[in-house]
Amino acid sequence: MILARVVGTIVATRKDPRLEGFKLLIVKPVSPDGKDESGYVIAVDTVSAGSNETVIVVSGSSARMADGCKEKPVDATIVGIVDTVTLNK
Amino acid sequence: MFLGRVVGTVVATVKDAALKGQRLLIVQPLTADLKETGKRIVVLDAVGVGAAELIYWCRGKESSFPFLPEEVPTDNTIVGIVDELHLC
């Protein structure tokens, strides 16, 4: 799983029917100390994340194990909203 | 599986129901000679590791197998604590 920040939304009218009803967000990976990393990911949101929130994104086939994603064409899912990140000294 | 060190923790109140009660940790991947390599990732803990411990974890769908029959949405899970490491 990676940490990421919600930076946008995606609207798609024509899509795989199994994706209907899903909220799609654009997330940007961030390091544990909060710095932006390269690239973007489009992820299905199962936890009602908001704009600019730091979230946990699970990717690969495990993304389909999130609530409501079984047998859906999904490879990245937001499964948690981060409250705090603590790094060892 | 890969070598890594636990470098932090993540707290998330709102999360997938199957993640309730699971510990979310941050791991720094390491090479075999324990040099840092690659980005730090968020992992689940299947063995009860402590802060700064040397561990190994598995990646992909297999990382949800320690929690079966529950289907936990994780793509990286710590499956062991390293006691000793010997290189030839």
# chains A, B, ... in the order shown; residues from 1 in each chain; ligands from 1

$ closest_atom_pairs --of "range 16-38 of chain B" --to "range 48-59 of chain A" --cutoff "12 Å" --atoms "only C-alpha atoms" --output "JSON lines"
{"residue": "B:Asp16", "atom": "CA", "partner": "A:Ile56", "partner_atom": "CA", "distance": 10.2}
{"residue": "B:Leu19", "atom": "CA", "partner": "A:Ile56", "partner_atom": "CA", "distance": 11.2}
{"residue": "B:Leu24", "atom": "CA", "partner": "A:Ile56", "partner_atom": "CA", "distance": 9.8}
{"residue": "B:Leu25", "atom": "CA", "partner": "A:Ile56", "partner_atom": "CA", "distance": 11.5}
{"residue": "B:Ile26", "atom": "CA", "partner": "A:Ile56", "partner_atom": "CA", "distance": 11.5}

$ interface_residues --of "chain B" --to "chain A" --cutoff "8 Å" --atoms "only C-alpha atoms" --output "ChimeraX atom specification"
/B:7-18,26,39-43,51-52,60-61,64,71-76

$ write_last_selection --atoms "N, CA and C atoms" --output "compact mmCIF listing (two decimals), in the first residue's frame"
# COMPACT_ATOMS: atom_id res chain seq x y z
N VAL B 7 9.84 1.63 10.05
CA VAL B 7 10.29 3.00 10.35
C VAL B 7 9.17 3.90 10.85
N GLY B 8 7.95 3.40 10.92
CA GLY B 8 6.88 4.27 11.40
C GLY B 8 5.54 3.58 11.43
N THR B 9 4.54 4.32 11.87
CA THR B 9 3.18 3.78 11.96
C THR B 9 2.20 4.75 11.31
N VAL B 10 1.06 4.22 10.89
CA VAL B 10 0.00 5.04 10.30
C VAL B 10 -1.27 4.80 11.10
N VAL B 11 -1.97 5.87 11.43
CA VAL B 11 -3.27 5.75 12.10
C VAL B 11 -4.34 6.21 11.14
N ALA B 12 -5.36 5.39 10.94
CA ALA B 12 -6.48 5.74 10.06
C ALA B 12 -7.77 5.28 10.71
N THR B 13 -8.63 6.22 11.06
CA THR B 13 -9.90 5.85 11.70
C THR B 13 -10.90 5.36 10.67
N VAL B 14 -11.02 6.12 9.58
CA VAL B 14 -11.94 5.73 8.50
C VAL B 14 -11.19 4.79 7.57
N LYS B 15 -11.63 3.54 7.50
CA LYS B 15 -10.94 2.59 6.62
C LYS B 15 -11.88 1.45 6.27
N ASP B 16 -11.46 0.64 5.33
CA ASP B 16 -12.21 -0.53 4.92
C ASP B 16 -12.51 -1.40 6.16
N ALA B 17 -13.73 -1.93 6.22
CA ALA B 17 -14.14 -2.69 7.40
C ALA B 17 -13.20 -3.86 7.68
N ALA B 18 -12.65 -4.46 6.62
CA ALA B 18 -11.76 -5.61 6.80
C ALA B 18 -10.40 -5.20 7.36
N ILE B 26 4.87 1.62 8.46
CA ILE B 26 5.66 2.08 7.33
C ILE B 26 6.98 1.32 7.32
N LYS B 39 11.25 3.31 -2.32
CA LYS B 39 10.35 4.15 -1.54
C LYS B 39 9.80 3.40 -0.33
N ARG B 40 9.51 4.17 0.71
CA ARG B 40 8.87 3.59 1.89
C ARG B 40 7.40 3.29 1.58
N ILE B 41 6.91 2.19 2.11
CA ILE B 41 5.54 1.77 1.80
C ILE B 41 4.75 1.52 3.09
N VAL B 42 3.44 1.43 2.92
CA VAL B 42 2.55 1.11 4.04
C VAL B 42 2.24 -0.38 3.98
N VAL B 43 2.41 -1.07 5.10
CA VAL B 43 2.19 -2.52 5.13
C VAL B 43 1.29 -2.89 6.31
N ALA B 51 8.89 -1.50 16.76
CA ALA B 51 9.51 -0.37 16.08
C ALA B 51 10.95 -0.70 15.72
N ALA B 52 11.38 -0.31 14.54
CA ALA B 52 12.76 -0.40 14.07
C ALA B 52 13.24 -1.82 13.86
N GLY B 60 1.82 -8.33 -3.13
CA GLY B 60 0.81 -8.86 -4.04
C GLY B 60 -0.36 -9.48 -3.30
N LYS B 61 -1.17 -10.19 -4.04
CA LYS B 61 -2.39 -10.78 -3.47
C LYS B 61 -2.06 -11.75 -2.33
N SER B 64 -2.44 -11.06 1.43
CA SER B 64 -3.69 -11.14 2.21
C SER B 64 -3.91 -12.54 2.77
N GLU B 71 -10.99 -11.74 3.94
CA GLU B 71 -10.35 -11.15 2.76
C GLU B 71 -9.96 -9.71 3.06
N VAL B 72 -8.71 -9.53 3.45
CA VAL B 72 -8.23 -8.21 3.84
C VAL B 72 -7.58 -7.53 2.63
N PRO B 73 -7.99 -6.31 2.29
CA PRO B 73 -7.42 -5.64 1.13
C PRO B 73 -6.03 -5.08 1.41
N THR B 74 -5.02 -5.91 1.30
CA THR B 74 -3.64 -5.46 1.49
C THR B 74 -2.79 -5.98 0.34
N ASP B 75 -1.81 -5.19 -0.08
CA ASP B 75 -0.89 -5.65 -1.11
C ASP B 75 0.53 -5.79 -0.58
N ASN B 76 0.74 -5.49 0.70
CA ASN B 76 2.05 -5.68 1.33
C ASN B 76 1.83 -6.06 2.79

$ atom_distance --atom1 "CA of Glu36 in chain B" --atom2 "CA of Val7 in chain A"
29.0 Å

$ atom_distance --atom1 "CA of Val27 in chain B" --atom2 "CA of Lys35 in chain A"
16.4 Å

$ closest_residue --among "A:Ala4, A:Ala12, A:Val74, A:Leu19" --to "Gly34 in chain A" --atoms "only C-alpha atoms"
A:Ala4

$ atom_distance --atom1 "CA of Ile81 in chain B" --atom2 "CA of Val49 in chain B"
6.9 Å

$ select_by_dssp --residues "chain B" --states "strand (DSSP E)" --output "JSON, numbers by chain"
{"B": [2, 3, 4, 5, 6, 7, 8, 9, 10, 11, 24, 25, 26, 27, 28, 29, 30, 41, 42, 43, 44, 45, 54, 55, 56, 57, 58, 59, 76, 77, 78, 79, 80, 81]}

$ write_last_selection --atoms "C-alpha atoms" --output "CSV table (one decimal), in the first residue's frame"
chain,number,residue,atom,x,y,z
B,2,PHE,CA,11.7,-8.6,0.6
B,3,LEU,CA,13.8,-7.3,3.5
B,4,GLY,CA,12.9,-4.1,5.2
B,5,ARG,CA,12.9,-2.2,8.4
B,6,VAL,CA,9.9,-0.8,10.3
B,7,VAL,CA,10.3,3.0,10.3
B,8,GLY,CA,6.9,4.3,11.4
B,9,THR,CA,3.2,3.8,12.0
B,10,VAL,CA,0.0,5.0,10.3
B,11,VAL,CA,-3.3,5.7,12.1
B,24,LEU,CA,-0.6,-0.2,9.6
B,25,LEU,CA,3.2,0.3,9.6
B,26,ILE,CA,5.7,2.1,7.3
B,27,VAL,CA,8.5,0.0,6.0
B,28,GLN,CA,11.8,1.1,4.4
B,29,PRO,CA,12.9,-1.6,1.9
B,30,LEU,CA,16.5,-2.8,2.3
B,41,ILE,CA,5.5,1.8,1.8
B,42,VAL,CA,2.5,1.1,4.0
B,43,VAL,CA,2.2,-2.5,5.1
B,44,LEU,CA,0.0,-4.6,7.4
B,45,ASP,CA,1.5,-6.6,10.2
B,54,LEU,CA,14.3,-5.9,10.7
B,55,ILE,CA,11.5,-7.8,9.0
B,56,TYR,CA,10.6,-9.5,5.7
B,57,TRP,CA,7.3,-8.9,3.9
B,58,CYS,CA,5.5,-10.3,0.9
B,59,ARG,CA,3.9,-8.4,-1.9
B,76,ASN,CA,2.1,-5.7,1.3
B,77,THR,CA,2.2,-7.6,4.6
B,78,ILE,CA,4.9,-8.3,7.1
B,79,VAL,CA,5.2,-12.1,7.5
B,80,GLY,CA,8.3,-12.5,9.5
B,81,ILE,CA,10.9,-11.0,11.9

$ residues_around --residues "Leu24 in chain A" --least-positions-apart "2" --cutoff "10 Å" --atoms "only C-alpha atoms" --output "ChimeraX atom specification"
/A:8-12,19,21-22,26-27,42-46,76-78

$ residues_around --residues "Leu87 in chain B" --least-positions-apart "2" --cutoff "9 Å" --atoms "only C-alpha atoms" --output "NGL selection string"
:B and (32-33 or 85)

$ decode --residues "range 3-41 of chain A" --atoms "N, CA and C atoms" --output "PDB file, in the first residue's frame"
ATOM      1  N   LEU A   3       0.948   5.687   0.537  1.00  0.00           N
ATOM      2  CA  LEU A   3       0.270   6.900   0.975  1.00  0.00           C
ATOM      3  C   LEU A   3       0.105   7.804  -0.236  1.00  0.00           C
ATOM      4  N   ALA A   4      -1.028   8.478  -0.320  1.00  0.00           N
ATOM      5  CA  ALA A   4      -1.262   9.374  -1.458  1.00  0.00           C
ATOM      6  C   ALA A   4      -2.185  10.502  -1.024  1.00  0.00           C
ATOM      7  N   ARG A   5      -2.192  11.559  -1.810  1.00  0.00           N
ATOM      8  CA  ARG A   5      -3.034  12.723  -1.517  1.00  0.00           C
ATOM      9  C   ARG A   5      -4.048  12.869  -2.645  1.00  0.00           C
ATOM     10  N   VAL A   6      -5.293  13.132  -2.263  1.00  0.00           N
ATOM     11  CA  VAL A   6      -6.348  13.294  -3.270  1.00  0.00           C
ATOM     12  C   VAL A   6      -6.164  14.649  -3.943  1.00  0.00           C
ATOM     13  N   VAL A   7      -5.984  14.637  -5.261  1.00  0.00           N
ATOM     14  CA  VAL A   7      -5.751  15.889  -5.980  1.00  0.00           C
ATOM     15  C   VAL A   7      -6.831  16.179  -7.020  1.00  0.00           C
ATOM     16  N   GLY A   8      -7.756  15.257  -7.249  1.00  0.00           N
ATOM     17  CA  GLY A   8      -8.778  15.550  -8.262  1.00  0.00           C
ATOM     18  C   GLY A   8      -9.791  14.438  -8.389  1.00  0.00           C
ATOM     19  N   THR A   9     -10.763  14.691  -9.244  1.00  0.00           N
ATOM     20  CA  THR A   9     -11.807  13.694  -9.489  1.00  0.00           C
ATOM     21  C   THR A   9     -11.866  13.375 -10.979  1.00  0.00           C
ATOM     22  N   ILE A  10     -12.451  12.252 -11.298  1.00  0.00           N
ATOM     23  CA  ILE A  10     -12.632  11.850 -12.692  1.00  0.00           C
ATOM     24  C   ILE A  10     -14.120  11.595 -12.918  1.00  0.00           C
ATOM     25  N   VAL A  11     -14.636  12.131 -13.990  1.00  0.00           N
ATOM     26  CA  VAL A  11     -16.004  11.805 -14.392  1.00  0.00           C
ATOM     27  C   VAL A  11     -15.923  11.063 -15.720  1.00  0.00           C
ATOM     28  N   ALA A  12     -16.542   9.889 -15.803  1.00  0.00           N
ATOM     29  CA  ALA A  12     -16.539   9.113 -17.035  1.00  0.00           C
ATOM     30  C   ALA A  12     -17.929   8.547 -17.243  1.00  0.00           C
ATOM     31  N   THR A  13     -18.579   8.993 -18.296  1.00  0.00           N
ATOM     32  CA  THR A  13     -19.935   8.507 -18.557  1.00  0.00           C
ATOM     33  C   THR A  13     -19.886   7.127 -19.202  1.00  0.00           C
ATOM     34  N   ARG A  14     -19.028   7.006 -20.209  1.00  0.00           N
ATOM     35  CA  ARG A  14     -18.903   5.699 -20.874  1.00  0.00           C
ATOM     36  C   ARG A  14     -17.791   4.928 -20.212  1.00  0.00           C
ATOM     37  N   LYS A  15     -18.135   3.847 -19.612  1.00  0.00           N
ATOM     38  CA  LYS A  15     -17.142   3.033 -18.913  1.00  0.00           C
ATOM     39  C   LYS A  15     -17.669   1.621 -18.792  1.00  0.00           C
ATOM     40  N   ASP A  16     -16.803   0.755 -18.314  1.00  0.00           N
ATOM     41  CA  ASP A  16     -17.234  -0.619 -18.063  1.00  0.00           C
ATOM     42  C   ASP A  16     -18.447  -0.584 -17.127  1.00  0.00           C
ATOM     43  N   PRO A  17     -19.521  -1.301 -17.458  1.00  0.00           N
ATOM     44  CA  PRO A  17     -20.719  -1.241 -16.618  1.00  0.00           C
ATOM     45  C   PRO A  17     -20.466  -1.631 -15.172  1.00  0.00           C
ATOM     46  N   ARG A  18     -19.441  -2.433 -14.948  1.00  0.00           N
ATOM     47  CA  ARG A  18     -19.166  -2.843 -13.561  1.00  0.00           C
ATOM     48  C   ARG A  18     -18.558  -1.717 -12.733  1.00  0.00           C
ATOM     49  N   LEU A  19     -18.191  -0.615 -13.422  1.00  0.00           N
ATOM     50  CA  LEU A  19     -17.634   0.534 -12.692  1.00  0.00           C
ATOM     51  C   LEU A  19     -18.704   1.564 -12.348  1.00  0.00           C
ATOM     52  N   GLU A  20     -19.936   1.309 -12.768  1.00  0.00           N
ATOM     53  CA  GLU A  20     -20.980   2.297 -12.500  1.00  0.00           C
ATOM     54  C   GLU A  20     -21.217   2.450 -11.002  1.00  0.00           C
ATOM     55  N   GLY A  21     -21.350   3.709 -10.594  1.00  0.00           N
ATOM     56  CA  GLY A  21     -21.580   3.988  -9.174  1.00  0.00           C
ATOM     57  C   GLY A  21     -20.312   4.180  -8.375  1.00  0.00           C
ATOM     58  N   PHE A  22     -19.181   3.881  -8.958  1.00  0.00           N
ATOM     59  CA  PHE A  22     -17.918   4.078  -8.246  1.00  0.00           C
ATOM     60  C   PHE A  22     -17.468   5.523  -8.350  1.00  0.00           C
ATOM     61  N   LYS A  23     -16.891   6.021  -7.256  1.00  0.00           N
ATOM     62  CA  LYS A  23     -16.290   7.354  -7.268  1.00  0.00           C
ATOM     63  C   LYS A  23     -14.822   7.193  -7.607  1.00  0.00           C
ATOM     64  N   LEU A  24     -14.404   7.859  -8.678  1.00  0.00           N
ATOM     65  CA  LEU A  24     -13.011   7.744  -9.127  1.00  0.00           C
ATOM     66  C   LEU A  24     -12.260   9.017  -8.764  1.00  0.00           C
ATOM     67  N   LEU A  25     -11.127   8.870  -8.112  1.00  0.00           N
ATOM     68  CA  LEU A  25     -10.329  10.030  -7.707  1.00  0.00           C
ATOM     69  C   LEU A  25      -8.926   9.945  -8.305  1.00  0.00           C
ATOM     70  N   ILE A  26      -8.341  11.107  -8.527  1.00  0.00           N
ATOM     71  CA  ILE A  26      -6.938  11.163  -8.925  1.00  0.00           C
ATOM     72  C   ILE A  26      -6.133  11.376  -7.653  1.00  0.00           C
ATOM     73  N   VAL A  27      -5.184  10.503  -7.411  1.00  0.00           N
ATOM     74  CA  VAL A  27      -4.346  10.646  -6.218  1.00  0.00           C
ATOM     75  C   VAL A  27      -2.886  10.732  -6.631  1.00  0.00           C
ATOM     76  N   LYS A  28      -2.134  11.476  -5.842  1.00  0.00           N
ATOM     77  CA  LYS A  28      -0.698  11.633  -6.094  1.00  0.00           C
ATOM     78  C   LYS A  28       0.053  10.979  -4.949  1.00  0.00           C
ATOM     79  N   PRO A  29       0.930  10.035  -5.240  1.00  0.00           N
ATOM     80  CA  PRO A  29       1.681   9.395  -4.160  1.00  0.00           C
ATOM     81  C   PRO A  29       2.487  10.411  -3.342  1.00  0.00           C
ATOM     82  N   VAL A  30       2.528  10.220  -2.027  1.00  0.00           N
ATOM     83  CA  VAL A  30       3.338  11.073  -1.155  1.00  0.00           C
ATOM     84  C   VAL A  30       4.214  10.187  -0.279  1.00  0.00           C
ATOM     85  N   SER A  31       5.351  10.740   0.136  1.00  0.00           N
ATOM     86  CA  SER A  31       6.226   9.995   1.050  1.00  0.00           C
ATOM     87  C   SER A  31       5.646  10.110   2.461  1.00  0.00           C
ATOM     88  N   PRO A  32       6.096   9.245   3.410  1.00  0.00           N
ATOM     89  CA  PRO A  32       5.558   9.324   4.781  1.00  0.00           C
ATOM     90  C   PRO A  32       5.782  10.683   5.429  1.00  0.00           C
ATOM     91  N   ASP A  33       6.804  11.440   4.993  1.00  0.00           N
ATOM     92  CA  ASP A  33       6.985  12.782   5.567  1.00  0.00           C
ATOM     93  C   ASP A  33       6.211  13.841   4.777  1.00  0.00           C
ATOM     94  N   GLY A  34       5.316  13.426   3.896  1.00  0.00           N
ATOM     95  CA  GLY A  34       4.362  14.350   3.293  1.00  0.00           C
ATOM     96  C   GLY A  34       4.788  14.989   1.981  1.00  0.00           C
ATOM     97  N   LYS A  35       5.953  14.603   1.469  1.00  0.00           N
ATOM     98  CA  LYS A  35       6.409  15.203   0.207  1.00  0.00           C
ATOM     99  C   LYS A  35       5.774  14.484  -0.988  1.00  0.00           C
ATOM    100  N   ASP A  36       5.408  15.269  -1.991  1.00  0.00           N
ATOM    101  CA  ASP A  36       4.840  14.685  -3.208  1.00  0.00           C
ATOM    102  C   ASP A  36       5.877  13.827  -3.922  1.00  0.00           C
ATOM    103  N   GLU A  37       5.414  12.707  -4.453  1.00  0.00           N
ATOM    104  CA  GLU A  37       6.285  11.884  -5.288  1.00  0.00           C
ATOM    105  C   GLU A  37       5.767  11.918  -6.719  1.00  0.00           C
ATOM    106  N   SER A  38       6.526  11.339  -7.618  1.00  0.00           N
ATOM    107  CA  SER A  38       6.166  11.475  -9.036  1.00  0.00           C
ATOM    108  C   SER A  38       4.964  10.606  -9.390  1.00  0.00           C
ATOM    109  N   GLY A  39       4.264  11.006 -10.437  1.00  0.00           N
ATOM    110  CA  GLY A  39       3.191  10.190 -10.988  1.00  0.00           C
ATOM    111  C   GLY A  39       1.834  10.434 -10.348  1.00  0.00           C
ATOM    112  N   TYR A  40       0.828   9.871 -10.987  1.00  0.00           N
ATOM    113  CA  TYR A  40      -0.547   9.939 -10.495  1.00  0.00           C
ATOM    114  C   TYR A  40      -1.169   8.564 -10.625  1.00  0.00           C
ATOM    115  N   VAL A  41      -2.209   8.323  -9.812  1.00  0.00           N
ATOM    116  CA  VAL A  41      -2.954   7.070  -9.903  1.00  0.00           C
ATOM    117  C   VAL A  41      -4.439   7.411  -9.874  1.00  0.00           C
TER     118      VAL A  41
END
